[in-house]
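Student: Attaching a single structure in structure tokens format; questions to follow.
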Amino acid sequence: MTSLYVDRRGVTLKADGEALVFYENGERIGTVPLAPLSRVFMRGDVTLSSALLGKLGERGIGVVVLSGRKAMPTMLLGRPHNDAARRVAQYRLSLDEHFCLRFARAIVEAKLRAHAGLLAERRDSEPQSRYLLTVCLRRLATSIAAVDEQASIASLRGLEGAGAAAYFEGFADLLPERLKFSGRNRRPPRDPVNALLSLGYTLLHAEAVLALYGAGLDPFIGFYHALDFGRESLACDLVEPLRVEVDRHALMLFRAEKLRPEDFSTTASGCLLGKAGRARFYGEWEPLAARLRKLLAESVSDVAGAIMQAGDDAAAEEPGTEADDGC
């Protein structure tokens, strides 16, 4: 399965049998078969026919619209999973403080270990950064060792922040100096590295939302990230350990000079990747996207299993519960 990226003004997409057809100025300019598609990402002035939207929905092909200069995502989802019991169990567990704390510990530890893994990989091959990376790894190890000691989600967030500070200090040392990366910033990103990380994290988050929705879970009800209007908190939970994959990809793109500072522009809206740079980025992103979808599918399956198991355990502990033969 693969993704289609449409980043071109004045294009209309229509359905023609089992194909997606591109029109520009009333003329047919291209065709893409629907069968291999799993996602359609659109940016710019693109028009879709209702017939095409219906076909994409029937096949479970998610549509992600990246709107405006900041590429804010809007998602059109396919048919959801039919097991509503998963969502009911999820809602109940979101109010279970003990479950949420156990879940949050696992998420934070997985993220910190992923950060340590990337820095450890680079320490062995980057002599000029070896001392700093060793110091950062020691700080990360201290945070990892303290995860199970945290008695609240608030203290876990503080631990996660300390680990992230150590990680990004080491990560910055691996990047070319002319990128002027001194740490993570966003809303808006102020340098090319942060602009690319924000774009990658946005695409990763959209994949997590689509995966959760397709598995019958509510992306908005998380266990580590609190409820917040308009935020898919469970998707935020799941992407935390996978952000490092985006970081690794960005590091490769900049060090191989597949993307350069000249591909970005800085305005009052922040630092943004230009159209030519986006075309190269999307071409390089798809192999990683396939890996991310596989990792997300595994994570979503694990979360769904944990939710249902916890729900079954809770039901078994309730007195007077009897089996039901049907409706």
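Chain identifiers are assigned as A, B, and so on, following the order in which chains appear in the structure tokens; residues are numbered from 1 within each chain, and ligands are numbered from 1 in order of appearance.
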Contacts of Val300 of chain A at 8 Å or less, counting only C-alpha atoms, minus same-chain residues fewer than 4 places along, as a PDB file with N, CA, C and O atoms, in the first residue's frame?
Tutor:
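part-v8.pdb, written as the output of this step:
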ATOM      1  N   ALA A 211      -5.194   5.224  11.902  1.00  0.00           N
ATOM      2  CA  ALA A 211      -5.039   3.852  12.385  1.00  0.00           C
ATOM      3  C   ALA A 211      -5.966   3.575  13.569  1.00  0.00           C
ATOM      4  O   ALA A 211      -6.592   2.506  13.654  1.00  0.00           O
ATOM      5  N   LEU A 212      -6.064   4.521  14.489  1.00  0.00           N
ATOM      6  CA  LEU A 212      -6.932   4.344  15.659  1.00  0.00           C
ATOM      7  C   LEU A 212      -8.402   4.289  15.248  1.00  0.00           C
ATOM      8  O   LEU A 212      -9.164   3.444  15.733  1.00  0.00           O
ATOM      9  N   ALA A 215      -9.344   1.066  13.802  1.00  0.00           N
ATOM     10  CA  ALA A 215      -9.335  -0.041  14.755  1.00  0.00           C
ATOM     11  C   ALA A 215     -10.473   0.042  15.760  1.00  0.00           C
ATOM     12  O   ALA A 215     -10.564  -0.785  16.671  1.00  0.00           O
ATOM     13  N   LEU A 238       0.339   7.652  21.261  1.00  0.00           N
ATOM     14  CA  LEU A 238       0.979   6.599  20.469  1.00  0.00           C
ATOM     15  C   LEU A 238       2.181   7.087  19.676  1.00  0.00           C
ATOM     16  O   LEU A 238       3.109   6.308  19.419  1.00  0.00           O
ATOM     17  N   LEU A 296       2.725   1.620  13.771  1.00  0.00           N
ATOM     18  CA  LEU A 296       1.481   2.109  14.368  1.00  0.00           C
ATOM     19  C   LEU A 296       0.440   1.002  14.450  1.00  0.00           C
ATOM     20  O   LEU A 296      -0.296   0.905  15.440  1.00  0.00           O
ATOM     21  N   ALA A 304      -5.416  -1.792  21.783  1.00  0.00           N
ATOM     22  CA  ALA A 304      -6.771  -2.360  21.739  1.00  0.00           C
ATOM     23  C   ALA A 304      -6.846  -3.620  22.597  1.00  0.00           C
ATOM     24  O   ALA A 304      -7.814  -3.827  23.343  1.00  0.00           O
TER      25      ALA A 304
END
Student: Would you pick out the contacts of Glu286 of chain A at 10 Å or less, using only C-alpha atoms, so that residues sharing its chain but fewer than 5 positions from it are not included, and give the list as a list in words?
Tutor: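 My list of contacting residues is Thr2, Ser3, Leu4, Tyr5, Phe281, Arg291 and Leu292 of chain A.
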Student: Convert the current residue selection to file output with all heavy atoms, as a PDB file, in the first residue's frame.
Tutor:
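Writing the result to again24.pdb gives the following:
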ATOM      1  N   THR A   2       0.398   2.297  -0.621  1.00  0.00           N
ATOM      2  CA  THR A   2       1.202   3.498  -0.764  1.00  0.00           C
ATOM      3  C   THR A   2       0.346   4.742  -0.608  1.00  0.00           C
ATOM      4  O   THR A   2      -0.878   4.662  -0.493  1.00  0.00           O
ATOM      5  CB  THR A   2       1.907   3.506  -2.133  1.00  0.00           C
ATOM      6  OG1 THR A   2       2.843   4.584  -2.173  1.00  0.00           O
ATOM      7  CG2 THR A   2       0.904   3.671  -3.268  1.00  0.00           C
ATOM      8  N   SER A   3       1.012   5.898  -0.609  1.00  0.00           N
ATOM      9  CA  SER A   3       0.322   7.171  -0.451  1.00  0.00           C
ATOM     10  C   SER A   3       0.436   7.970  -1.740  1.00  0.00           C
ATOM     11  O   SER A   3       1.378   7.812  -2.512  1.00  0.00           O
ATOM     12  CB  SER A   3       0.932   7.981   0.692  1.00  0.00           C
ATOM     13  OG  SER A   3       0.846   7.286   1.912  1.00  0.00           O
ATOM     14  N   LEU A   4      -0.540   8.856  -1.926  1.00  0.00           N
ATOM     15  CA  LEU A   4      -0.515   9.791  -3.044  1.00  0.00           C
ATOM     16  C   LEU A   4      -0.422  11.190  -2.458  1.00  0.00           C
ATOM     17  O   LEU A   4      -1.199  11.561  -1.580  1.00  0.00           O
ATOM     18  CB  LEU A   4      -1.786   9.650  -3.888  1.00  0.00           C
ATOM     19  CG  LEU A   4      -1.966  10.678  -5.011  1.00  0.00           C
ATOM     20  CD1 LEU A   4      -0.902  10.491  -6.088  1.00  0.00           C
ATOM     21  CD2 LEU A   4      -3.365  10.548  -5.625  1.00  0.00           C
ATOM     22  N   TYR A   5       0.541  11.979  -2.934  1.00  0.00           N
ATOM     23  CA  TYR A   5       0.733  13.347  -2.477  1.00  0.00           C
ATOM     24  C   TYR A   5       0.394  14.289  -3.625  1.00  0.00           C
ATOM     25  O   TYR A   5       0.996  14.209  -4.702  1.00  0.00           O
ATOM     26  CB  TYR A   5       2.174  13.568  -2.022  1.00  0.00           C
ATOM     27  CG  TYR A   5       2.579  12.680  -0.872  1.00  0.00           C
ATOM     28  CD1 TYR A   5       3.125  11.416  -1.102  1.00  0.00           C
ATOM     29  CD2 TYR A   5       2.390  13.082   0.456  1.00  0.00           C
ATOM     30  CE1 TYR A   5       3.480  10.585  -0.053  1.00  0.00           C
ATOM     31  CE2 TYR A   5       2.744  12.262   1.507  1.00  0.00           C
ATOM     32  CZ  TYR A   5       3.285  11.014   1.249  1.00  0.00           C
ATOM     33  OH  TYR A   5       3.630  10.193   2.301  1.00  0.00           O
ATOM     34  N   PHE A 281      10.831  16.178  -0.298  1.00  0.00           N
ATOM     35  CA  PHE A 281      10.506  15.591   1.010  1.00  0.00           C
ATOM     36  C   PHE A 281       9.503  14.452   0.864  1.00  0.00           C
ATOM     37  O   PHE A 281       9.694  13.370   1.428  1.00  0.00           O
ATOM     38  CB  PHE A 281       9.947  16.667   1.944  1.00  0.00           C
ATOM     39  CG  PHE A 281       9.383  16.100   3.225  1.00  0.00           C
ATOM     40  CD1 PHE A 281      10.216  15.766   4.271  1.00  0.00           C
ATOM     41  CD2 PHE A 281       8.015  15.888   3.365  1.00  0.00           C
ATOM     42  CE1 PHE A 281       9.703  15.228   5.453  1.00  0.00           C
ATOM     43  CE2 PHE A 281       7.495  15.360   4.535  1.00  0.00           C
ATOM     44  CZ  PHE A 281       8.336  15.029   5.582  1.00  0.00           C
ATOM     45  N   ARG A 291       6.916   2.136   6.894  1.00  0.00           N
ATOM     46  CA  ARG A 291       7.422   1.576   8.163  1.00  0.00           C
ATOM     47  C   ARG A 291       6.612   2.109   9.346  1.00  0.00           C
ATOM     48  O   ARG A 291       6.262   1.346  10.265  1.00  0.00           O
ATOM     49  CB  ARG A 291       8.897   1.936   8.319  1.00  0.00           C
ATOM     50  CG  ARG A 291       9.473   1.659   9.702  1.00  0.00           C
ATOM     51  CD  ARG A 291      10.979   1.890   9.739  1.00  0.00           C
ATOM     52  NE  ARG A 291      11.467   2.024  11.105  1.00  0.00           N
ATOM     53  CZ  ARG A 291      11.635   1.010  11.952  1.00  0.00           C
ATOM     54  NH1 ARG A 291      11.328  -0.220  11.566  1.00  0.00           N
ATOM     55  NH2 ARG A 291      12.092   1.209  13.172  1.00  0.00           N
ATOM     56  N   LEU A 292       6.298   3.402   9.326  1.00  0.00           N
ATOM     57  CA  LEU A 292       5.526   3.983  10.424  1.00  0.00           C
ATOM     58  C   LEU A 292       4.139   3.367  10.527  1.00  0.00           C
ATOM     59  O   LEU A 292       3.632   3.131  11.628  1.00  0.00           O
ATOM     60  CB  LEU A 292       5.420   5.494  10.240  1.00  0.00           C
ATOM     61  CG  LEU A 292       6.716   6.289  10.413  1.00  0.00           C
ATOM     62  CD1 LEU A 292       6.496   7.759  10.062  1.00  0.00           C
ATOM     63  CD2 LEU A 292       7.253   6.165  11.839  1.00  0.00           C
TER      64      LEU A 292
END
Student: Looking at A:Ala195, A:Val65, A:Leu140, A:Ala306, which one is nearest to Leu118 of chain A, with distances taken over only C-alpha atoms?
Tutor: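 Result for the nearest residue to Leu118 of chain A: A:Leu140.
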Student: Write out as a list in words each polymer residue whose atoms come within 10 Å of Lys14 of chain A, counting only C-alpha atoms; drop sequence neighbours fewer than 3 positions from it.
Tutor: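 Selected residues are Gly17, Ala19, Leu20, Val21, Phe22, Tyr23, Thr31, Thr47, Leu48, Ser49, Ser50, Ala51, Leu52 and Leu53 of chain A.
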Student: Write the residues of the selection above to a file with all heavy atoms, as a CSV table (one decimal), in the first residue's frame.
Tutor:
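Contents of out12.csv, freshly written:
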chain,number,residue,atom,x,y,z
A,17,GLY,N,-14.0,4.6,-12.8
A,17,GLY,CA,-13.9,3.2,-12.6
A,17,GLY,C,-13.1,2.9,-11.3
A,17,GLY,O,-13.4,3.4,-10.2
A,19,ALA,N,-10.0,4.0,-10.9
A,19,ALA,CA,-8.8,4.9,-11.0
A,19,ALA,C,-9.2,6.3,-10.5
A,19,ALA,O,-10.4,6.7,-10.5
A,19,ALA,CB,-8.3,4.9,-12.4
A,20,LEU,N,-8.2,7.0,-10.1
A,20,LEU,CA,-8.3,8.4,-9.7
A,20,LEU,C,-7.7,9.2,-10.9
A,20,LEU,O,-6.5,8.9,-11.3
A,20,LEU,CB,-7.5,8.6,-8.4
A,20,LEU,CG,-7.5,10.0,-7.8
A,20,LEU,CD1,-7.2,9.8,-6.3
A,20,LEU,CD2,-6.5,10.9,-8.4
A,21,VAL,N,-8.4,10.1,-11.4
A,21,VAL,CA,-8.0,10.9,-12.6
A,21,VAL,C,-7.7,12.3,-12.2
A,21,VAL,O,-8.5,13.0,-11.5
A,21,VAL,CB,-9.1,10.8,-13.7
A,21,VAL,CG1,-8.6,11.5,-15.0
A,21,VAL,CG2,-9.4,9.3,-14.0
A,22,PHE,N,-6.7,12.9,-12.8
A,22,PHE,CA,-6.3,14.3,-12.6
A,22,PHE,C,-6.7,15.1,-13.8
A,22,PHE,O,-6.5,14.7,-14.9
A,22,PHE,CB,-4.8,14.4,-12.4
A,22,PHE,CG,-4.2,13.8,-11.2
A,22,PHE,CD1,-4.0,12.5,-11.1
A,22,PHE,CD2,-3.8,14.6,-10.1
A,22,PHE,CE1,-3.5,11.9,-10.0
A,22,PHE,CE2,-3.3,14.1,-9.0
A,22,PHE,CZ,-3.1,12.7,-8.9
A,23,TYR,N,-7.4,16.3,-13.5
A,23,TYR,CA,-7.7,17.2,-14.6
A,23,TYR,C,-7.1,18.6,-14.2
A,23,TYR,O,-7.1,19.0,-13.1
A,23,TYR,CB,-9.3,17.3,-14.7
A,23,TYR,CG,-9.9,16.1,-15.3
A,23,TYR,CD1,-10.3,15.1,-14.4
A,23,TYR,CD2,-10.2,16.0,-16.6
A,23,TYR,CE1,-10.9,13.9,-15.0
A,23,TYR,CE2,-10.8,14.9,-17.2
A,23,TYR,CZ,-11.2,13.9,-16.3
A,23,TYR,OH,-11.8,12.8,-16.8
A,31,THR,N,-3.5,9.6,-14.4
A,31,THR,CA,-4.4,8.6,-13.8
A,31,THR,C,-3.6,7.8,-12.8
A,31,THR,O,-2.4,7.5,-13.1
A,31,THR,CB,-4.9,7.7,-14.9
A,31,THR,OG1,-5.6,8.4,-15.9
A,31,THR,CG2,-5.9,6.7,-14.2
A,47,THR,N,-9.4,20.2,-6.0
A,47,THR,CA,-10.8,19.9,-5.9
A,47,THR,C,-11.1,18.5,-6.1
A,47,THR,O,-10.5,17.8,-7.0
A,47,THR,CB,-11.6,20.7,-7.1
A,47,THR,OG1,-11.3,22.1,-6.9
A,47,THR,CG2,-13.1,20.5,-7.0
A,48,LEU,N,-12.0,17.9,-5.3
A,48,LEU,CA,-12.3,16.5,-5.3
A,48,LEU,C,-13.8,16.3,-5.7
A,48,LEU,O,-14.6,17.1,-5.2
A,48,LEU,CB,-12.1,15.7,-4.0
A,48,LEU,CG,-10.7,15.2,-3.8
A,48,LEU,CD1,-9.8,16.4,-3.4
A,48,LEU,CD2,-10.7,14.2,-2.6
A,49,SER,N,-14.1,15.3,-6.5
A,49,SER,CA,-15.5,15.1,-6.8
A,49,SER,C,-16.1,14.2,-5.6
A,49,SER,O,-15.4,13.5,-4.9
A,49,SER,CB,-15.7,14.3,-8.1
A,49,SER,OG,-15.2,13.0,-7.9
A,50,SER,N,-17.4,14.3,-5.4
A,50,SER,CA,-18.1,13.6,-4.4
A,50,SER,C,-18.0,12.1,-4.7
A,50,SER,O,-17.9,11.3,-3.7
A,50,SER,CB,-19.6,14.0,-4.2
A,50,SER,OG,-20.3,13.9,-5.5
A,51,ALA,N,-18.1,11.7,-5.9
A,51,ALA,CA,-18.0,10.3,-6.3
A,51,ALA,C,-16.6,9.7,-5.9
A,51,ALA,O,-16.5,8.6,-5.4
A,51,ALA,CB,-18.2,10.1,-7.8
A,52,LEU,N,-15.6,10.5,-6.0
A,52,LEU,CA,-14.2,10.0,-5.6
A,52,LEU,C,-14.2,9.9,-4.1
A,52,LEU,O,-13.6,8.9,-3.6
A,52,LEU,CB,-13.2,11.0,-6.1
A,52,LEU,CG,-11.7,10.7,-5.7
A,52,LEU,CD1,-11.3,9.3,-6.1
A,52,LEU,CD2,-10.8,11.7,-6.2
A,53,LEU,N,-14.7,10.9,-3.4
A,53,LEU,CA,-14.7,10.8,-1.9
A,53,LEU,C,-15.4,9.6,-1.4
A,53,LEU,O,-15.0,8.9,-0.5
A,53,LEU,CB,-15.3,12.1,-1.3
A,53,LEU,CG,-14.5,13.3,-1.3
A,53,LEU,CD1,-15.4,14.5,-0.8
A,53,LEU,CD2,-13.3,13.2,-0.4
Student: Within 9 Å of Ala141 of chain A, counting only C-alpha atoms, which residues qualify if same-chain residues fewer than 3 places away don't, as a list in words?
Tutor: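 Surrounding residues, per the criterion: Leu112, Arg113, Ala116, Cys136, Leu137, Arg138, Ile144, Ala145, Ala146 and Gly163 of chain A.
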Student: Please extract the residues of segment 23-269 of chain A with a backbone DSSP assignment of strand (DSSP E or B) and present them as a VMD selection string.
Tutor: chain A and resid 23 to 24 27 to 33 37 to 43 46 to 48 62 to 67 72 to 76 264 to 267
